[in-house]
Structure formats: structure tokens, C-alpha cells
file entry.cif (mmCIF, C-alpha atoms and all ligand atoms)
data_coords
#
loop_
_atom_site.label_atom_id
_atom_site.label_comp_id
_atom_site.auth_asym_id
_atom_site.auth_seq_id
_atom_site.Cartn_x
_atom_site.Cartn_y
_atom_site.Cartn_z
CA MET A 1 9.18 2.65 16.54
CA ALA A 2 6.71 3.19 19.37
CA LEU A 3 3.41 1.82 20.64
CA HIS A 4 0.56 4.31 20.31
CA ARG A 5 -2.99 4.34 21.60
CA LEU A 6 -4.83 6.59 19.20
CA LYS A 7 -8.27 8.11 19.12
CA ILE A 8 -10.27 7.74 15.92
CA ILE A 9 -11.30 11.24 14.91
CA ARG A 10 -13.00 10.42 11.62
CA LYS A 11 -14.23 7.42 9.68
CA ASP A 12 -15.37 7.32 6.05
CA TRP A 13 -16.56 4.50 3.82
CA TYR A 14 -15.04 5.20 0.37
CA ALA A 15 -16.42 2.14 -1.42
CA LYS A 16 -18.06 -1.17 -0.53
CA GLY A 17 -15.76 -2.78 2.03
CA ILE A 18 -13.15 0.00 1.92
CA PHE A 19 -12.95 2.53 4.73
CA GLY A 20 -10.61 5.19 6.05
CA LEU A 21 -9.76 5.87 9.69
CA GLU A 22 -8.26 9.20 10.63
CA LEU A 23 -6.31 9.17 13.89
CA ARG A 24 -4.61 11.91 15.84
CA LEU A 25 -0.87 11.23 16.11
CA PRO A 26 1.20 14.42 16.33
CA GLY A 27 4.97 14.50 16.50
CA ILE A 28 5.94 11.71 14.11
CA SER A 29 7.34 11.98 10.58
CA PRO A 30 6.21 8.88 8.67
CA LEU A 31 7.52 8.48 5.14
CA PRO A 32 5.85 6.92 2.10
CA GLY A 33 6.17 3.15 2.20
CA GLN A 34 6.01 2.89 5.98
CA PHE A 35 3.30 1.05 7.85
CA PHE A 36 1.83 0.37 11.29
CA GLN A 37 1.11 -2.94 13.03
CA VAL A 38 -2.47 -2.39 14.12
CA ARG A 39 -4.19 -4.17 17.04
CA VAL A 40 -7.65 -4.80 15.76
CA GLY A 41 -9.10 -6.20 19.03
CA GLU A 42 -8.93 -5.11 22.66
CA GLY A 43 -7.44 -8.20 24.32
CA ILE A 44 -5.16 -10.88 22.89
CA ASP A 45 -7.68 -12.02 20.27
CA PRO A 46 -6.73 -11.96 17.47
CA PHE A 47 -3.20 -12.58 18.63
CA LEU A 48 -1.40 -11.02 15.65
CA ASN A 49 -1.50 -7.36 14.70
CA ARG A 50 -2.47 -6.44 11.13
CA PRO A 51 -0.07 -4.40 8.96
CA ILE A 52 -1.66 -1.30 7.44
CA SER A 53 0.24 1.36 5.48
CA VAL A 54 0.20 5.09 5.94
CA ALA A 55 -2.21 6.49 3.34
CA SER A 56 -1.73 10.11 4.39
CA TYR A 57 -0.15 12.16 7.16
CA HIS A 58 -0.77 15.83 7.52
CA LYS A 59 -0.50 18.10 10.58
CA GLY A 60 -0.61 15.24 13.07
CA ARG A 61 -3.53 13.46 11.37
CA LEU A 62 -2.76 9.94 10.24
CA LEU A 63 -4.98 8.26 7.66
CA LEU A 64 -5.23 4.49 7.28
CA VAL A 65 -7.27 3.07 4.40
CA VAL A 66 -8.42 -0.50 4.88
CA LYS A 67 -10.11 -3.10 2.72
CA VAL A 68 -12.19 -5.65 4.63
CA VAL A 69 -10.88 -9.09 3.63
CA GLY A 70 -11.18 -11.17 6.79
CA ARG A 71 -11.85 -11.16 10.52
CA GLY A 72 -9.18 -8.64 11.55
CA THR A 73 -10.08 -5.97 9.02
CA ARG A 74 -13.78 -6.58 9.76
CA MET A 75 -13.12 -5.90 13.47
CA LEU A 76 -11.33 -2.68 12.56
CA GLY A 77 -14.23 -1.73 10.29
CA ILE A 78 -16.75 -1.69 13.15
CA LYS A 79 -14.73 0.83 15.18
CA GLU A 80 -16.21 4.32 15.27
CA PRO A 81 -14.93 7.85 15.94
CA GLY A 82 -14.20 8.36 19.64
CA GLU A 83 -12.92 4.78 20.05
CA PHE A 84 -9.23 3.99 20.43
CA VAL A 85 -6.87 1.79 18.39
CA GLU A 86 -3.44 0.60 19.47
CA MET A 87 -0.67 0.40 16.91
CA LEU A 88 3.06 0.01 16.62
CA GLY A 89 5.09 2.09 14.20
CA PRO A 90 5.88 3.64 11.87
CA LEU A 91 7.75 0.57 10.59
CA GLY A 92 9.72 -0.40 7.50
CA HIS A 93 11.79 1.37 4.90
CA ARG A 94 10.38 4.05 2.71
CA PHE A 95 10.15 4.66 -1.00
CA LYS A 96 12.99 6.87 -2.16
CA PRO A 97 11.45 8.82 -5.03
CA SER A 98 13.84 9.65 -7.82
CA LYS A 99 14.51 13.38 -8.16
CA LYS A 100 15.96 12.90 -11.66
CA LYS A 101 14.63 15.06 -14.46
CA LYS A 102 12.64 12.11 -15.80
CA LYS A 103 9.13 11.53 -14.54
CA SER A 104 8.00 8.80 -12.16
CA LEU A 105 5.18 6.35 -12.75
CA ILE A 106 2.93 5.12 -9.94
CA ILE A 107 1.27 1.77 -10.70
CA ALA A 108 -1.50 0.69 -8.33
CA GLY A 109 -3.84 -2.27 -8.30
CA GLY A 110 -6.88 -2.38 -6.00
CA ILE A 111 -6.23 -1.50 -2.37
CA GLY A 112 -2.55 -1.08 -3.33
CA ILE A 113 -3.61 2.53 -3.90
CA ALA A 114 -3.40 3.20 -0.12
CA PRO A 115 0.41 3.52 0.25
CA MET A 116 0.58 5.02 -3.26
CA HIS A 117 -1.67 7.87 -2.14
CA PHE A 118 0.87 8.87 0.52
CA LEU A 119 3.69 8.56 -2.01
CA ALA A 120 1.76 10.80 -4.42
CA GLU A 121 1.26 13.41 -1.68
CA TYR A 122 4.98 13.31 -0.96
CA MET A 123 5.93 13.68 -4.64
CA TYR A 124 3.47 16.51 -5.15
CA ASN A 125 4.76 18.39 -2.08
CA ASN A 126 8.36 17.90 -3.27
CA MET A 127 7.62 18.90 -6.88
CA ILE A 128 8.43 15.48 -8.32
CA ASN A 129 6.41 14.93 -11.49
CA PHE A 130 4.54 11.68 -11.83
CA ASP A 131 1.84 9.87 -13.79
CA LEU A 132 -0.58 7.36 -12.34
CA LEU A 133 -1.75 4.01 -13.72
CA TYR A 134 -4.48 2.66 -11.42
CA GLY A 135 -6.57 -0.47 -11.97
CA VAL A 136 -9.53 -1.92 -10.11
CA ARG A 137 -11.88 -4.86 -10.74
CA THR A 138 -15.15 -2.81 -10.87
CA LYS A 139 -15.54 0.94 -11.23
CA ASP A 140 -17.05 1.43 -7.72
CA GLU A 141 -13.71 0.40 -6.21
CA PHE A 142 -11.86 3.55 -7.29
CA ILE A 143 -10.83 5.74 -4.38
CA PHE A 144 -8.93 9.07 -4.25
CA ARG A 145 -9.61 9.65 -7.97
CA ASP A 146 -10.04 13.41 -7.63
CA ALA A 147 -7.01 13.79 -5.39
CA PHE A 148 -4.82 11.97 -7.92
CA MET A 149 -6.20 13.97 -10.82
CA LYS A 150 -5.11 17.16 -9.03
CA LYS A 151 -1.63 15.90 -8.19
CA ALA A 152 -0.53 13.71 -11.13
CA ASP A 153 0.48 15.03 -14.57
CA ARG A 154 -1.63 12.30 -16.13
CA CYS A 155 -3.91 9.57 -14.79
CA VAL A 156 -4.83 6.34 -16.54
CA PHE A 157 -7.70 4.50 -14.84
CA VAL A 158 -8.42 0.89 -15.73
CA VAL A 159 -11.52 -1.14 -14.89
CA GLU A 160 -10.85 -4.82 -15.39
CA LYS A 161 -14.38 -6.26 -15.27
CA GLY A 162 -17.60 -5.36 -17.03
CA TYR A 163 -16.19 -4.07 -20.32
CA LYS A 164 -15.97 -6.05 -23.54
CA LYS A 165 -12.43 -4.90 -24.21
CA LYS A 166 -10.53 -6.58 -21.40
CA ASP A 167 -7.89 -4.19 -20.10
CA THR A 168 -5.66 -4.61 -17.07
CA VAL A 169 -2.91 -2.49 -15.59
CA VAL A 170 -0.45 -4.89 -17.19
CA SER A 171 -2.01 -4.79 -20.68
CA LYS A 172 -2.20 -0.96 -20.47
CA ILE A 173 1.45 -0.53 -19.55
CA GLN A 174 2.47 -2.64 -22.53
CA LYS A 175 0.86 -0.04 -24.81
CA MET A 176 2.43 2.99 -23.09
CA ASP A 177 5.52 4.88 -24.19
CA LEU A 178 7.79 4.40 -21.17
CA SER A 179 10.77 6.41 -22.39
CA ASP A 180 9.75 9.40 -20.24
CA TYR A 181 10.01 7.56 -16.94
CA GLY A 182 13.06 7.37 -14.67
CA ALA A 183 11.45 5.02 -12.13
CA ALA A 184 8.19 3.30 -11.26
CA TYR A 185 6.62 2.58 -7.85
CA THR A 186 3.99 -0.08 -7.44
CA CYS A 187 1.63 -1.75 -5.00
CA GLY A 188 -1.04 -4.30 -5.78
CA PRO A 189 -1.82 -8.00 -5.85
CA ARG A 190 1.00 -10.50 -6.14
CA GLU A 191 -0.26 -11.64 -9.59
CA MET A 192 0.17 -8.07 -10.82
CA PHE A 193 3.74 -7.98 -9.48
CA ILE A 194 4.56 -11.28 -11.20
CA ALA A 195 3.11 -10.08 -14.52
CA LEU A 196 4.92 -6.72 -14.26
CA GLN A 197 8.19 -8.45 -13.50
CA LYS A 198 7.85 -10.56 -16.66
CA LEU A 199 7.61 -7.38 -18.76
CA HIS A 200 11.22 -6.35 -17.91
CA LEU A 201 10.28 -2.67 -17.92
CA PRO A 202 13.09 -0.30 -18.97
CA MET A 203 13.09 1.69 -15.68
CA PRO A 204 13.72 0.43 -12.12
CA VAL A 205 10.46 -0.63 -10.48
CA TYR A 206 10.12 -0.44 -6.68
CA ALA A 207 7.40 -2.66 -5.21
CA PHE A 208 5.58 -2.23 -1.92
CA CYS A 209 5.29 -5.88 -0.85
CA GLU A 210 2.33 -7.10 1.16
CA ASP A 211 2.45 -10.47 2.85
CA PHE A 212 1.37 -12.16 6.04
CA MET A 213 3.21 -10.73 9.02
CA GLY A 214 3.74 -12.03 12.52
CA CYS A 215 5.68 -9.51 14.58
CA GLY A 216 6.25 -6.75 12.00
CA CYS A 217 9.64 -5.91 13.50
CA GLY A 218 12.14 -8.55 12.34
CA LEU A 219 11.80 -11.17 15.08
CA CYS A 220 9.61 -14.01 13.79
CA LEU A 221 10.79 -14.46 10.16
CA GLY A 222 7.13 -14.90 9.18
CA CYS A 223 7.47 -12.46 6.30
CA ALA A 224 10.60 -13.93 4.67
CA ILE A 225 10.93 -13.39 0.92
CA LYS A 226 13.69 -14.41 -1.47
CA TYR A 227 15.37 -11.24 -2.70
CA LYS A 228 18.76 -10.89 -4.39
CA ASN A 229 19.28 -14.66 -3.89
CA GLU A 230 18.91 -14.45 -0.11
CA TYR A 231 16.02 -14.45 2.32
CA HIS A 232 15.01 -10.99 3.49
CA ARG A 233 12.31 -9.83 5.90
CA ILE A 234 9.62 -7.74 4.28
CA CYS A 235 8.93 -5.93 7.57
CA THR A 236 12.46 -4.69 8.24
CA ASP A 237 14.31 -4.99 4.90
CA GLY A 238 11.19 -3.79 3.02
CA PRO A 239 8.33 -3.43 2.49
CA VAL A 240 9.76 -1.56 -0.51
CA LEU A 241 11.98 -3.83 -2.63
CA GLU A 242 13.22 -3.66 -6.21
CA LEU A 243 10.78 -5.77 -8.25
CA LYS A 244 13.29 -7.40 -10.59
CA GLU A 245 15.24 -8.88 -7.64
CA ILE A 246 12.26 -10.57 -5.97
CA GLU A 247 11.95 -14.34 -6.44
CA PHE A 248 8.25 -15.12 -6.33
CA GLU A 249 7.46 -18.70 -5.37
CA VAL A 250 4.89 -19.76 -7.97
C1 LIG B 301 3.29 -3.81 4.90
C2 LIG B 301 1.82 -4.05 4.63
C3 LIG B 301 0.98 -2.98 4.46
C4 LIG B 301 -0.39 -3.17 4.20
N1 LIG B 301 -1.18 -2.09 4.03
C5 LIG B 301 -2.51 -2.26 3.85
C6 LIG B 301 -3.39 -1.12 3.72
O1 LIG B 301 -2.96 0.05 3.77
N2 LIG B 301 -4.72 -1.36 3.58
C7 LIG B 301 -5.24 -2.64 3.53
O2 LIG B 301 -6.46 -2.78 3.40
N3 LIG B 301 -4.43 -3.71 3.61
C8 LIG B 301 -3.09 -3.57 3.80
N4 LIG B 301 -2.29 -4.68 3.93
C9 LIG B 301 -2.91 -6.02 3.89
C10 LIG B 301 -3.55 -6.28 5.27
O3 LIG B 301 -2.54 -6.35 6.26
C11 LIG B 301 -4.34 -7.60 5.24
O4 LIG B 301 -5.41 -7.49 4.33
C12 LIG B 301 -4.88 -7.91 6.63
O5 LIG B 301 -3.82 -8.23 7.52
C13 LIG B 301 -5.87 -9.05 6.56
O6 LIG B 301 -6.31 -9.33 7.87
P1 LIG B 301 -7.69 -10.05 8.13
O7 LIG B 301 -7.68 -10.58 9.53
O8 LIG B 301 -8.84 -9.15 7.77
O9 LIG B 301 -7.71 -11.20 7.06
P2 LIG B 301 -7.34 -12.73 7.27
O10 LIG B 301 -8.49 -13.41 7.94
O11 LIG B 301 -5.98 -12.85 7.90
O12 LIG B 301 -7.26 -13.17 5.74
C14 LIG B 301 -8.40 -13.02 4.87
C15 LIG B 301 -7.99 -13.21 3.43
O13 LIG B 301 -7.04 -12.21 3.03
C16 LIG B 301 -5.82 -12.80 2.61
N5 LIG B 301 -4.72 -11.99 3.19
C17 LIG B 301 -4.53 -11.71 4.49
N6 LIG B 301 -3.43 -10.95 4.67
C18 LIG B 301 -2.92 -10.74 3.44
C19 LIG B 301 -1.77 -10.05 2.95
N7 LIG B 301 -0.94 -9.40 3.76
N8 LIG B 301 -1.55 -10.07 1.63
C20 LIG B 301 -2.37 -10.71 0.81
N9 LIG B 301 -3.46 -11.39 1.19
C21 LIG B 301 -3.74 -11.42 2.50
C22 LIG B 301 -5.86 -14.21 3.16
O14 LIG B 301 -5.17 -15.12 2.31
C23 LIG B 301 -7.31 -14.54 3.17
O15 LIG B 301 -7.75 -15.00 1.92
C24 LIG B 301 -0.92 -4.50 4.14
C25 LIG B 301 -0.05 -5.59 4.30
C26 LIG B 301 1.30 -5.37 4.54
C27 LIG B 301 2.21 -6.53 4.72
S1 LIG B 302 6.84 -10.15 10.42
FE1 LIG B 302 8.13 -11.03 11.90
S2 LIG B 302 10.09 -10.91 10.92
FE2 LIG B 302 8.76 -9.85 9.58
#
call {"tool": "encode", "arguments": {"input": "entry.cif", "output": "C-alpha cells"}}
result
Amino acid sequence: MALHRLKIIRKDWYAKGIFGLELRLPGISPLPGQFFQVRVGEGIDPFLNRPISVASYHKGRLLLVVKVVGRGTRMLGIKEPGEFVEMLGPLGHRFKPSKKKKKSLIIAGGIGIAPMHFLAEYMYNNMINFDLLYGVRTKDEFIFRDAFMKKADRCVFVVEKGYKKKDTVVSKIQKMDLSDYGAAYTCGPREMFIALQKLHLPMPVYAFCEDFMGCGCGLCLGCAIKYKNEYHRICTDGPVLELKEIEFEV
């Protein structure tokens, strides 16, 4: 883990409120599932860094994909190429994609697609076959569609609002034949995790957990989650945890 001051070399708006920042950071080897603690301001305001996952890393170019949800992400969203951003990382444990003969399934909801994009790149580069199930609220929120269609064996896209037939990622998965899959990897809203957990899917499901974080490096206990009957820290024990072992407080 190290503190970096990185120059923004490119910025793109992918959808309303969702943007990507490309930063030059040679000499690191981030793995899918890892994240950075990003300083969104210049001074001490806001005091806490914001956790953002690696969405891609290629030849020293790091991509972060961010959805504007509050003050911190809004501050990041007004930064432009040529400006600098400080960040700590890479942090956390990675996904360990199964190299078994069976396929993998990536399940993403909303901005949960960001870390899943890096995982998909990793699987593609390592010849691990996977399918994608990706849901959003409205169809303008889809990002990386073309990239996934090139890399995945099969993509299932779900739009939750605006259609008479109400589909969700969870209703779709219930209709799928899951016997082909050796493992699933997921990131999305907490409600999606809770609903997926209730399905007791036949393969192990590894979840990229997002929660409020203080320090991001194991010191403050702000990210504690009940896992395997004990409290664990999402930042250092995760963010990737086995879904069936997480105790969601509902
Ligand atoms: C390990 C990790 C990786 C992440 N990766 C990404 C990523 O790649 N791209 C991305 O856009 N976001 C990611 N997030 C979520 C991101 O950190 C939050 O959206 C961000 O910190 C919100 O900051 P803010 O100041 O804009 O919002 P705030 O003003 O702090 O909050 C605004 C609203 O968002 C909700 N919120 C804030 N933080 C979270 C959170 N962590 N989980 C759920 N709801 C939250 C609040 O309840 C509130 O309603 C990640 C979170 C974690 C823990
Ligand atoms: S965020 Fe501080 S211990 Fe995890």
C-alpha cells in the first residue's frame, strides 16, 4: 500500500452521473477486487477518503469509474484532465477466479459493474470462460456493454424500470440453468446481495462488499461486517467475501 499523487490523463462521462477517470500509475500490479482510498478534496475537507475500485489497469493506466451519489463523488466529478488526485492503495483482497473447467458467472447491479469490469478483463486475459448478468434501473445506465459483449461467452442485460414485464437480476437468475457454473462473482446494491443470498444458489458466490469506510486500512473498525459468525473488516478482510457467510443486518 502506498500514497500516490496521480495526474488525470483522461475523463469520460459514460452515462448521466457516471464518469471515468484515467490516471497514470506505472509499476503497480492491482488485482480484481482491489480498491483505492481516494482524496476527493485538496485539504482536510472532506476528512474521509472515498473508496473506489479498480475498473481497469493496463500498461500503467489506472481507470476508476465513479457514480455521483453525494458530496465526495461530486467533488471528484468536477476534476479535469491535467489535475491531480491523491489516493492510497491498492487495498483489500482480490477475487480469486476459479480455473475449474466449469464456467464463471459475473452478476452486476448498477455501478457494481466497475470492479466487475476489471474482473472480466482478468478472466478474458487468463482464458477463463464467463457469462455476464448485468442489471440497471434505466437503459441509459448501462456502461461497458460492448467491452463485455466481446469478452463474455454470453451477456444477459436487464433493465428494471420502464418495461411492463418487471425483470430484475434476481428474477432472471431464477430462470437460468445454473448447472454450467463453477462459481459466481457479484457486486451491486445490498438489497441485491440479500435477495441473491436467499436463493441459495448451487455454486459458491463471492461478493464485492461496499460499505462506508473510515480509514480503509484496518484501523478504525468503521467497516465491520458479521461474517462467519465473527466481525470482520471489509477493507482488510474483504472487500471480497463469500456471500452465504455474510450476516446482513436487516
Ligand atoms: C471497497 C469499495 C469500493 C467501491 N468502489 C466504487 C466504485 O468503483 N465506483 C463508485 O462509484 N462507487 C464505489 N464505491 C462506493 C463509493 O465509495 C461511495 O459511493 C462514495 O464513498 C460516496 O461518497 P459521497 O461523498 O459522494 O457520498 P456521501 O455523501 O457519503 O453519501 C451519499 C449517499 O450515498 C450513500 N453511500 C455512501 N457511501 C456508500 C457506500 N459505500 N455504499 C452504499 N451507499 C453509500 C449514502 O447512504 C448516501 O445516501 C465503493 C465502495 C467501497 C466500500
Ligand atoms: S475502514 Fe477502517 S477498519 Fe475498515
call {"tool": "atom_distance", "arguments": {"input": "entry.cif", "atom1": "atom CA of A:Ile173", "atom2": "atom CA of A:Tyr134"}}
result
10.6 Å
call {"tool": "closest_residue", "arguments": {"input": "entry.cif", "among": "A:Glu160, A:Glu141, A:Asp146, A:Glu247", "to": "A:Ile111", "atoms": "only C-alpha atoms"}}
result
A:Glu141
call {"tool": "residues_near_ligand", "arguments": {"input": "entry.cif", "ligand": "ligand LIG 302 (chain B)", "cutoff": "6 Å", "atoms": "all atoms listed in the file", "output": "ChimeraX atom specification"}}
result
/A:213-223,233-235
call {"tool": "write_last_selection", "arguments": {"input": "entry.cif", "atoms": "C-alpha atoms", "output": "PDB file, in the coordinates of the input"}}
result
ATOM      1  CA  MET A 213       3.210 -10.730   9.020  1.00  0.00           C
ATOM      2  CA  GLY A 214       3.740 -12.030  12.520  1.00  0.00           C
ATOM      3  CA  CYS A 215       5.680  -9.510  14.580  1.00  0.00           C
ATOM      4  CA  GLY A 216       6.250  -6.750  12.000  1.00  0.00           C
ATOM      5  CA  CYS A 217       9.640  -5.910  13.500  1.00  0.00           C
ATOM      6  CA  GLY A 218      12.140  -8.550  12.340  1.00  0.00           C
ATOM      7  CA  LEU A 219      11.800 -11.170  15.080  1.00  0.00           C
ATOM      8  CA  CYS A 220       9.610 -14.010  13.790  1.00  0.00           C
ATOM      9  CA  LEU A 221      10.790 -14.460  10.160  1.00  0.00           C
ATOM     10  CA  GLY A 222       7.130 -14.900   9.180  1.00  0.00           C
ATOM     11  CA  CYS A 223       7.470 -12.460   6.300  1.00  0.00           C
ATOM     12  CA  ARG A 233      12.310  -9.830   5.900  1.00  0.00           C
ATOM     13  CA  ILE A 234       9.620  -7.740   4.280  1.00  0.00           C
ATOM     14  CA  CYS A 235       8.930  -5.930   7.570  1.00  0.00           C
TER      15      CYS A 235
END
call {"tool": "residues_around", "arguments": {"input": "entry.cif", "residues": "A:Ile78", "least_positions_apart": "6", "cutoff": "12 Å", "atoms": "all atoms listed in the file", "output": "PyMOL selection string"}}
result
chain A and resi 8+11-13+17-21+40-41+66+68+71-72+84-85
call {"tool": "residues_near_ligand", "arguments": {"input": "entry.cif", "ligand": "ligand LIG 301 (chain B)", "cutoff": "7 Å", "atoms": "all atoms listed in the file", "output": "NGL selection string"}}
result
:A and (35 or 50-55 or 64-74 or 111 or 114-115 or 209-213 or 235 or 239)
call {"tool": "closest_residue", "arguments": {"input": "entry.cif", "among": "A:Met123, A:His117, A:Gln197, A:Ala108", "to": "A:Val156", "atoms": "all atoms listed in the file"}}
result
A:Ala108
call {"tool": "atom_distance", "arguments": {"input": "entry.cif", "atom1": "atom CA of A:Met116", "atom2": "atom CA of A:Lys198"}}
result
21.8 Å
call {"tool": "residues_around", "arguments": {"input": "entry.cif", "residues": "A:His58", "least_positions_apart": "3", "cutoff": "12 Å", "atoms": "only C-alpha atoms", "output": "short mmCIF file (atom, residue, chain, number, x, y, z; two decimals) with C-alpha atoms, keeping the file's coordinate frame"}}
result
data_model
loop_
_atom_site.label_atom_id
_atom_site.label_comp_id
_atom_site.auth_asym_id
_atom_site.auth_seq_id
_atom_site.Cartn_x
_atom_site.Cartn_y
_atom_site.Cartn_z
CA GLU A 22 -8.26 9.20 10.63
CA LEU A 23 -6.31 9.17 13.89
CA ARG A 24 -4.61 11.91 15.84
CA LEU A 25 -0.87 11.23 16.11
CA PRO A 26 1.20 14.42 16.33
CA GLY A 27 4.97 14.50 16.50
CA ILE A 28 5.94 11.71 14.11
CA SER A 29 7.34 11.98 10.58
CA PRO A 30 6.21 8.88 8.67
CA LEU A 31 7.52 8.48 5.14
CA VAL A 54 0.20 5.09 5.94
CA ALA A 55 -2.21 6.49 3.34
CA ARG A 61 -3.53 13.46 11.37
CA LEU A 62 -2.76 9.94 10.24
CA LEU A 63 -4.98 8.26 7.66
CA PHE A 118 0.87 8.87 0.52
CA GLU A 121 1.26 13.41 -1.68
CA TYR A 122 4.98 13.31 -0.96
CA ASN A 125 4.76 18.39 -2.08
#
call {"tool": "build_atoms", "arguments": {"input": "entry.cif", "residues": "stretch 216-236 of chain A", "atoms": "N, CA and C atoms", "output": "PDB file, in the coordinates of the input"}}
result
ATOM      1  N   GLY A 216       6.137  -8.057  12.682  1.00  0.00           N
ATOM      2  CA  GLY A 216       6.250  -6.750  12.000  1.00  0.00           C
ATOM      3  C   GLY A 216       7.544  -6.028  12.308  1.00  0.00           C
ATOM      4  N   CYS A 217       8.414  -6.644  13.139  1.00  0.00           N
ATOM      5  CA  CYS A 217       9.640  -5.910  13.500  1.00  0.00           C
ATOM      6  C   CYS A 217      10.889  -6.796  13.467  1.00  0.00           C
ATOM      7  N   GLY A 218      10.895  -7.821  12.601  1.00  0.00           N
ATOM      8  CA  GLY A 218      12.140  -8.550  12.340  1.00  0.00           C
ATOM      9  C   GLY A 218      12.403  -9.751  13.218  1.00  0.00           C
ATOM     10  N   LEU A 219      11.490 -10.119  14.111  1.00  0.00           N
ATOM     11  CA  LEU A 219      11.800 -11.170  15.080  1.00  0.00           C
ATOM     12  C   LEU A 219      11.346 -12.566  14.676  1.00  0.00           C
ATOM     13  N   CYS A 220      10.219 -12.685  13.955  1.00  0.00           N
ATOM     14  CA  CYS A 220       9.610 -14.010  13.790  1.00  0.00           C
ATOM     15  C   CYS A 220       9.948 -14.706  12.459  1.00  0.00           C
ATOM     16  N   LEU A 221      10.457 -13.975  11.517  1.00  0.00           N
ATOM     17  CA  LEU A 221      10.790 -14.460  10.160  1.00  0.00           C
ATOM     18  C   LEU A 221       9.546 -14.896   9.369  1.00  0.00           C
ATOM     19  N   GLY A 222       8.376 -14.510   9.847  1.00  0.00           N
ATOM     20  CA  GLY A 222       7.130 -14.900   9.180  1.00  0.00           C
ATOM     21  C   GLY A 222       6.943 -14.249   7.819  1.00  0.00           C
ATOM     22  N   CYS A 223       7.686 -13.206   7.548  1.00  0.00           N
ATOM     23  CA  CYS A 223       7.470 -12.460   6.300  1.00  0.00           C
ATOM     24  C   CYS A 223       8.626 -12.650   5.316  1.00  0.00           C
ATOM     25  N   ALA A 224       9.391 -13.751   5.495  1.00  0.00           N
ATOM     26  CA  ALA A 224      10.600 -13.930   4.670  1.00  0.00           C
ATOM     27  C   ALA A 224      10.269 -14.005   3.182  1.00  0.00           C
ATOM     28  N   ILE A 225      11.115 -13.402   2.379  1.00  0.00           N
ATOM     29  CA  ILE A 225      10.930 -13.390   0.920  1.00  0.00           C
ATOM     30  C   ILE A 225      12.319 -13.528   0.292  1.00  0.00           C
ATOM     31  N   LYS A 226      12.389 -14.248  -0.824  1.00  0.00           N
ATOM     32  CA  LYS A 226      13.690 -14.410  -1.470  1.00  0.00           C
ATOM     33  C   LYS A 226      13.959 -13.185  -2.346  1.00  0.00           C
ATOM     34  N   TYR A 227      15.049 -12.506  -2.039  1.00  0.00           N
ATOM     35  CA  TYR A 227      15.370 -11.240  -2.700  1.00  0.00           C
ATOM     36  C   TYR A 227      16.879 -11.186  -2.888  1.00  0.00           C
ATOM     37  N   LYS A 228      17.324 -10.905  -4.085  1.00  0.00           N
ATOM     38  CA  LYS A 228      18.760 -10.890  -4.390  1.00  0.00           C
ATOM     39  C   LYS A 228      19.426 -12.193  -3.927  1.00  0.00           C
ATOM     40  N   ASN A 229      18.766 -13.324  -4.206  1.00  0.00           N
ATOM     41  CA  ASN A 229      19.280 -14.660  -3.890  1.00  0.00           C
ATOM     42  C   ASN A 229      19.392 -14.990  -2.413  1.00  0.00           C
ATOM     43  N   GLU A 230      18.856 -14.144  -1.548  1.00  0.00           N
ATOM     44  CA  GLU A 230      18.910 -14.450  -0.110  1.00  0.00           C
ATOM     45  C   GLU A 230      17.540 -14.181   0.486  1.00  0.00           C
ATOM     46  N   TYR A 231      17.290 -14.762   1.665  1.00  0.00           N
ATOM     47  CA  TYR A 231      16.020 -14.450   2.320  1.00  0.00           C
ATOM     48  C   TYR A 231      16.112 -13.097   3.025  1.00  0.00           C
ATOM     49  N   HIS A 232      15.103 -12.281   2.817  1.00  0.00           N
ATOM     50  CA  HIS A 232      15.010 -10.990   3.490  1.00  0.00           C
ATOM     51  C   HIS A 232      13.672 -10.925   4.209  1.00  0.00           C
ATOM     52  N   ARG A 233      13.585 -10.026   5.197  1.00  0.00           N
ATOM     53  CA  ARG A 233      12.310  -9.830   5.900  1.00  0.00           C
ATOM     54  C   ARG A 233      11.602  -8.620   5.312  1.00  0.00           C
ATOM     55  N   ILE A 234      10.368  -8.861   4.868  1.00  0.00           N
ATOM     56  CA  ILE A 234       9.620  -7.740   4.280  1.00  0.00           C
ATOM     57  C   ILE A 234       9.454  -6.617   5.297  1.00  0.00           C
ATOM     58  N   CYS A 235       9.242  -6.975   6.585  1.00  0.00           N
ATOM     59  CA  CYS A 235       8.930  -5.930   7.570  1.00  0.00           C
ATOM     60  C   CYS A 235      10.108  -5.004   7.843  1.00  0.00           C
ATOM     61  N   THR A 236      11.327  -5.561   7.892  1.00  0.00           N
ATOM     62  CA  THR A 236      12.460  -4.690   8.240  1.00  0.00           C
ATOM     63  C   THR A 236      13.359  -4.366   7.047  1.00  0.00           C
TER      64      THR A 236
END
